[in-house]
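Asker: The following block contains the structure, expressed as structure tokens.
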Amino acid sequence: MTADEDPDRPAARSAWRDVPPRQVRQFAALALEEAPALAEDILREIRAEYPGLPVVLDDSGEPMALVGIRRALEGFVQQLASQEGRPRYPLEVFQEFGRGEGLHGRTLDSLQAIYRLGVRLAWRRLAEIGQQIEIPPPAMYELAESGFEYLDGLVDQSVRGYAEAAAREAGERLRLQRKLMELLLAERRSETASGAFHGAGSGPSSAAGHAAFGHGLGERAARVGWQLPERVAVGVLLRPAREAVAPAVGQGVLLDMEAEQPRMVVPDPDAAGRPELLRRAMAGWSGAIGPPVPLVDAAKSLRWAEAAVRLMERGLLPSGEVLHCTEHTEALVLLQPEELIEDLARRCLAPLDHCGPAHGRRLAETLLAWLETRGGAPEVAARLGVHPQTVRYRLRQIRELWGDEIDDPDRRFELELVLRARRLRGLLGRL
């Protein structure tokens, strides 16, 4: 227990409380009488020191700064006169000062410097009044300490206003950013405007639609300070935890954390250093980033990212990291139209229906290795890790099952397509 916490220790004497009440009342009366003029002097000095300080008027046309200074002086003096333990601050005025700093993009450093200047000027005049009515120096020293404590209270009020303005501005920015992303990723727009962008369907109506889209997008982008890039890549993320903190992707990347699966729009994804910055920012997250596309086709990049995430959730693509769709093109192309691929597989692989599961799988793996290598038995055997004679036996069986169709280029293409898709699903061994 410290000495300050010791209940048996007598309270420290207050030099100000020892000042006779008559002198306190006299001091307060003189200070309150001079408060309006002193407030004007202080504001004049502040403006001279900080010429760029904006002048904001209240409803009556009086500068808010002048009102705030005067009320602060009066509140401090009234506190001294009543000897209340807890000061009363002019809350709304100084909170508004803090909000003003936040809304104008300034920090609180300059505002606090202004407050300190005001306190020094006020103290100089209050010290003159104290000397005039012969208040003891120890009491005036205590008065100076109280003045700086009072300053701390005013700063607290401004900090609250500043934080409120910052939160409001951040919320508004996020709302505008989500609106921008909604327009950018709208599927209907991608279908109607992309023709004009690429030159297809370049009639008057499509050109006008593209111009209208570009105007609306540019207007919304300007409101959040986002410079329209030529190309973008769209990402879809999987949260590592429900309360996960948003990844620090940087100001240039649009990020919507409100969706169940957060989305992001990466401008100029191939720019120097961008992939490495994203990799570091996305540590601990998983998801997929779609292919780079022209800005007008952002919805297409989003579709591929969503498709990749669905495959990740099914265990068909690696999870635990943020994948780039361009590095998994085969899986995305072959695994997406699942019903069509399965229908084609049933027709193409029908000859294996009468083979046992294990034998049918071995023949399918041999057929895929042969189709991929276009080589003879030794090359296929090396790929499969079996004896060439085993491969020759299997290839004879394959030719018996498919007959002359195995020599048709279109049929071979279809067979390789469906067999690669099955390998991606883990139904065939990795070769």
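Identifiers in this document derive from the order of the structure tokens: chains are assigned A, B, ..., residues are numbered from 1 separately in each chain, and ligands are numbered from 1 in order of occurrence.
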Compile the contact shell of Arg116 in chain A as a PDB file with C-alpha atoms, in the first residue's frame: residues with an atom at most 8 Å away, counting only C-alpha atoms, same-chain residues fewer than 4 positions apart removed.

Answerer:
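This went into selection_0.pdb:
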ATOM      1  CA  GLN A 112      -3.501  20.326 -28.318  1.00  0.00           C
ATOM      2  CA  ARG A 120      -0.383  29.808 -20.964  1.00  0.00           C
ATOM      3  CA  LEU A 151      -6.606  21.394 -19.956  1.00  0.00           C
TER       4      LEU A 151
END

Asker: Which residues are near range 290-304 of chain A? Cut-off 6 Å, only C-alpha atoms, ignore same chain within fewer than 5 positions. Put them as a PDB file with C-alpha atoms, in the first residue's frame.

Answerer:
ATOM      1  CA  LEU A 185     -18.926  -6.728 -59.609  1.00  0.00           C
ATOM      2  CA  GLU A 187     -22.958  -9.552 -63.306  1.00  0.00           C
ATOM      3  CA  SER A 190     -20.287  -7.407 -67.137  1.00  0.00           C
ATOM      4  CA  GLU A 230      -6.900  -0.830 -66.203  1.00  0.00           C
ATOM      5  CA  ARG A 231      -6.986  -4.382 -64.831  1.00  0.00           C
ATOM      6  CA  VAL A 232      -8.171  -5.987 -61.601  1.00  0.00           C
ATOM      7  CA  ALA A 233      -8.303  -9.373 -59.926  1.00  0.00           C
ATOM      8  CA  VAL A 234     -11.120 -10.243 -57.534  1.00  0.00           C
ATOM      9  CA  GLY A 235     -10.570 -12.391 -54.464  1.00  0.00           C
ATOM     10  CA  CYS A 325      -6.789 -19.212 -60.110  1.00  0.00           C
ATOM     11  CA  THR A 326      -4.235 -18.842 -62.911  1.00  0.00           C
TER      12      THR A 326
END

Asker: How many Å separate CA of Gly218 in chain A from CA of Glu260 in chain A?

Answerer: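 Separating CA of Gly218 in chain A from CA of Glu260 in chain A is a distance of 27.2 Å.
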
Asker: Select, from A:Gln397, A:Gln336, A:Gln389, A:Gln131, the residue with the minimum atom-to-atom distance to Leu367 in chain A, counting only C-alpha atoms.

Answerer: A:Gln397

Asker: So which residues touch Glu34 in chain A within 12 Å, counting only C-alpha atoms, skipping near sequence neighbours fewer than 3 positions away, as a PyMOL selection string?

Answerer: chain A and resi 27-31+37-42+70+73-74+77+122+125-126+128-129

Asker: Just the residues within 9 Å of Ile398 in chain A, please, counting only C-alpha atoms, with nothing from its chain fewer than 5 positions along; format it as a list of chain:residue names.

Answerer: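 My reading of the contact set: A:Pro351, A:Leu363, A:Ala364, A:Thr366, A:Leu367, A:Tyr393, A:Gly403, A:Ile406.
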
Asker: Nearest residue to Ala331 in chain A out of A:Val119, A:Gly250, A:Arg279, A:Arg422, using only C-alpha atoms?

Answerer: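 Between A:Val119, A:Gly250, A:Arg279, A:Arg422, the residue approaching Ala331 in chain A most closely is A:Arg422.
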
Asker: For Leu335 in chain A, which of A:Leu237, A:Leu352, A:Val418, A:Ala35 is the closest residue, counting only C-alpha atoms?

Answerer: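 So, comparing all the options, the nearest one is A:Val418.
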
Asker: Find, counting only C-alpha atoms, the residue in A:Val159, A:Met181, A:Leu395, A:Ala283 that gets nearest to Val266 in chain A.

Answerer: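 With only C-alpha atoms as the atom set, the closest residue is A:Met181.
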
Asker: Extract, using only C-alpha atoms, all DNA, RNA and protein residues at most 9 Å from Leu80 in chain A, discarding same-chain residues fewer than 6 positions from it, and format them as a ChimeraX atom specification.

Answerer: /A:16,24,28,87,143

Asker: The selected residues should be written to file as a PDB file, in the first residue's frame (atoms: C-alpha atoms).

Answerer:
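Dumped to again09.pdb:
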ATOM      1  CA  TRP A  16      -5.849  27.266  -2.489  1.00  0.00           C
ATOM      2  CA  VAL A  24     -11.501  33.738  -3.592  1.00  0.00           C
ATOM      3  CA  ALA A  28     -13.428  34.924  -9.270  1.00  0.00           C
ATOM      4  CA  PRO A  87     -14.741  20.422 -12.904  1.00  0.00           C
ATOM      5  CA  LEU A 143      -3.877  27.190  -9.392  1.00  0.00           C
TER       6      LEU A 143
END

Asker: Write out as a list in words all residues of range 281-327 of chain A that DSSP puts in strand (DSSP E) for this structure's backbone.

Answerer: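 Checking each residue of range 281-327 of chain A, the strand (DSSP E) ones are Ser286, Gly287, Ala288, Ile289, Val293, Pro294, Val322, Leu323 and His324 of chain A.
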
Asker: Neighbouring residues of Asp407 in chain A were defined as those with any atom within 12 Å, considering only C-alpha atoms; residues of the same chain fewer than 5 positions away were excluded. Please report them as a ChimeraX atom specification.

Answerer: /A:371,374,398-399,402,412-413,415

Asker: Which value, in Å to one decimal, gives the distance between CA of Trp226 in chain A and CA of Gln251 in chain A?

Answerer: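 Separation of CA of Trp226 in chain A and CA of Gln251 in chain A: 8.6 Å.
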
Asker: Of the candidates A:Asp268, A:Glu33, A:Glu379, A:Glu306, which one gets nearest to Val391 in chain A if we count only C-alpha atoms?

Answerer: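 So, comparing all the options, the nearest one is A:Glu379.
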
Asker: Any idea what the distance is between CA of Arg25 in chain A and CA of Ala81 in chain A?

Answerer: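 Answer for the CA of Arg25 in chain A to CA of Ala81 in chain A separation: 6.2 Å.
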
Asker: Just checking: using only C-alpha atoms, which residue out of A:Ile289, A:Ile341, A:Val386, A:Val322 ends up closest to Arg239 in chain A?

Answerer: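 Ranked by minimum distance to Arg239 in chain A, first place goes to A:Val322.
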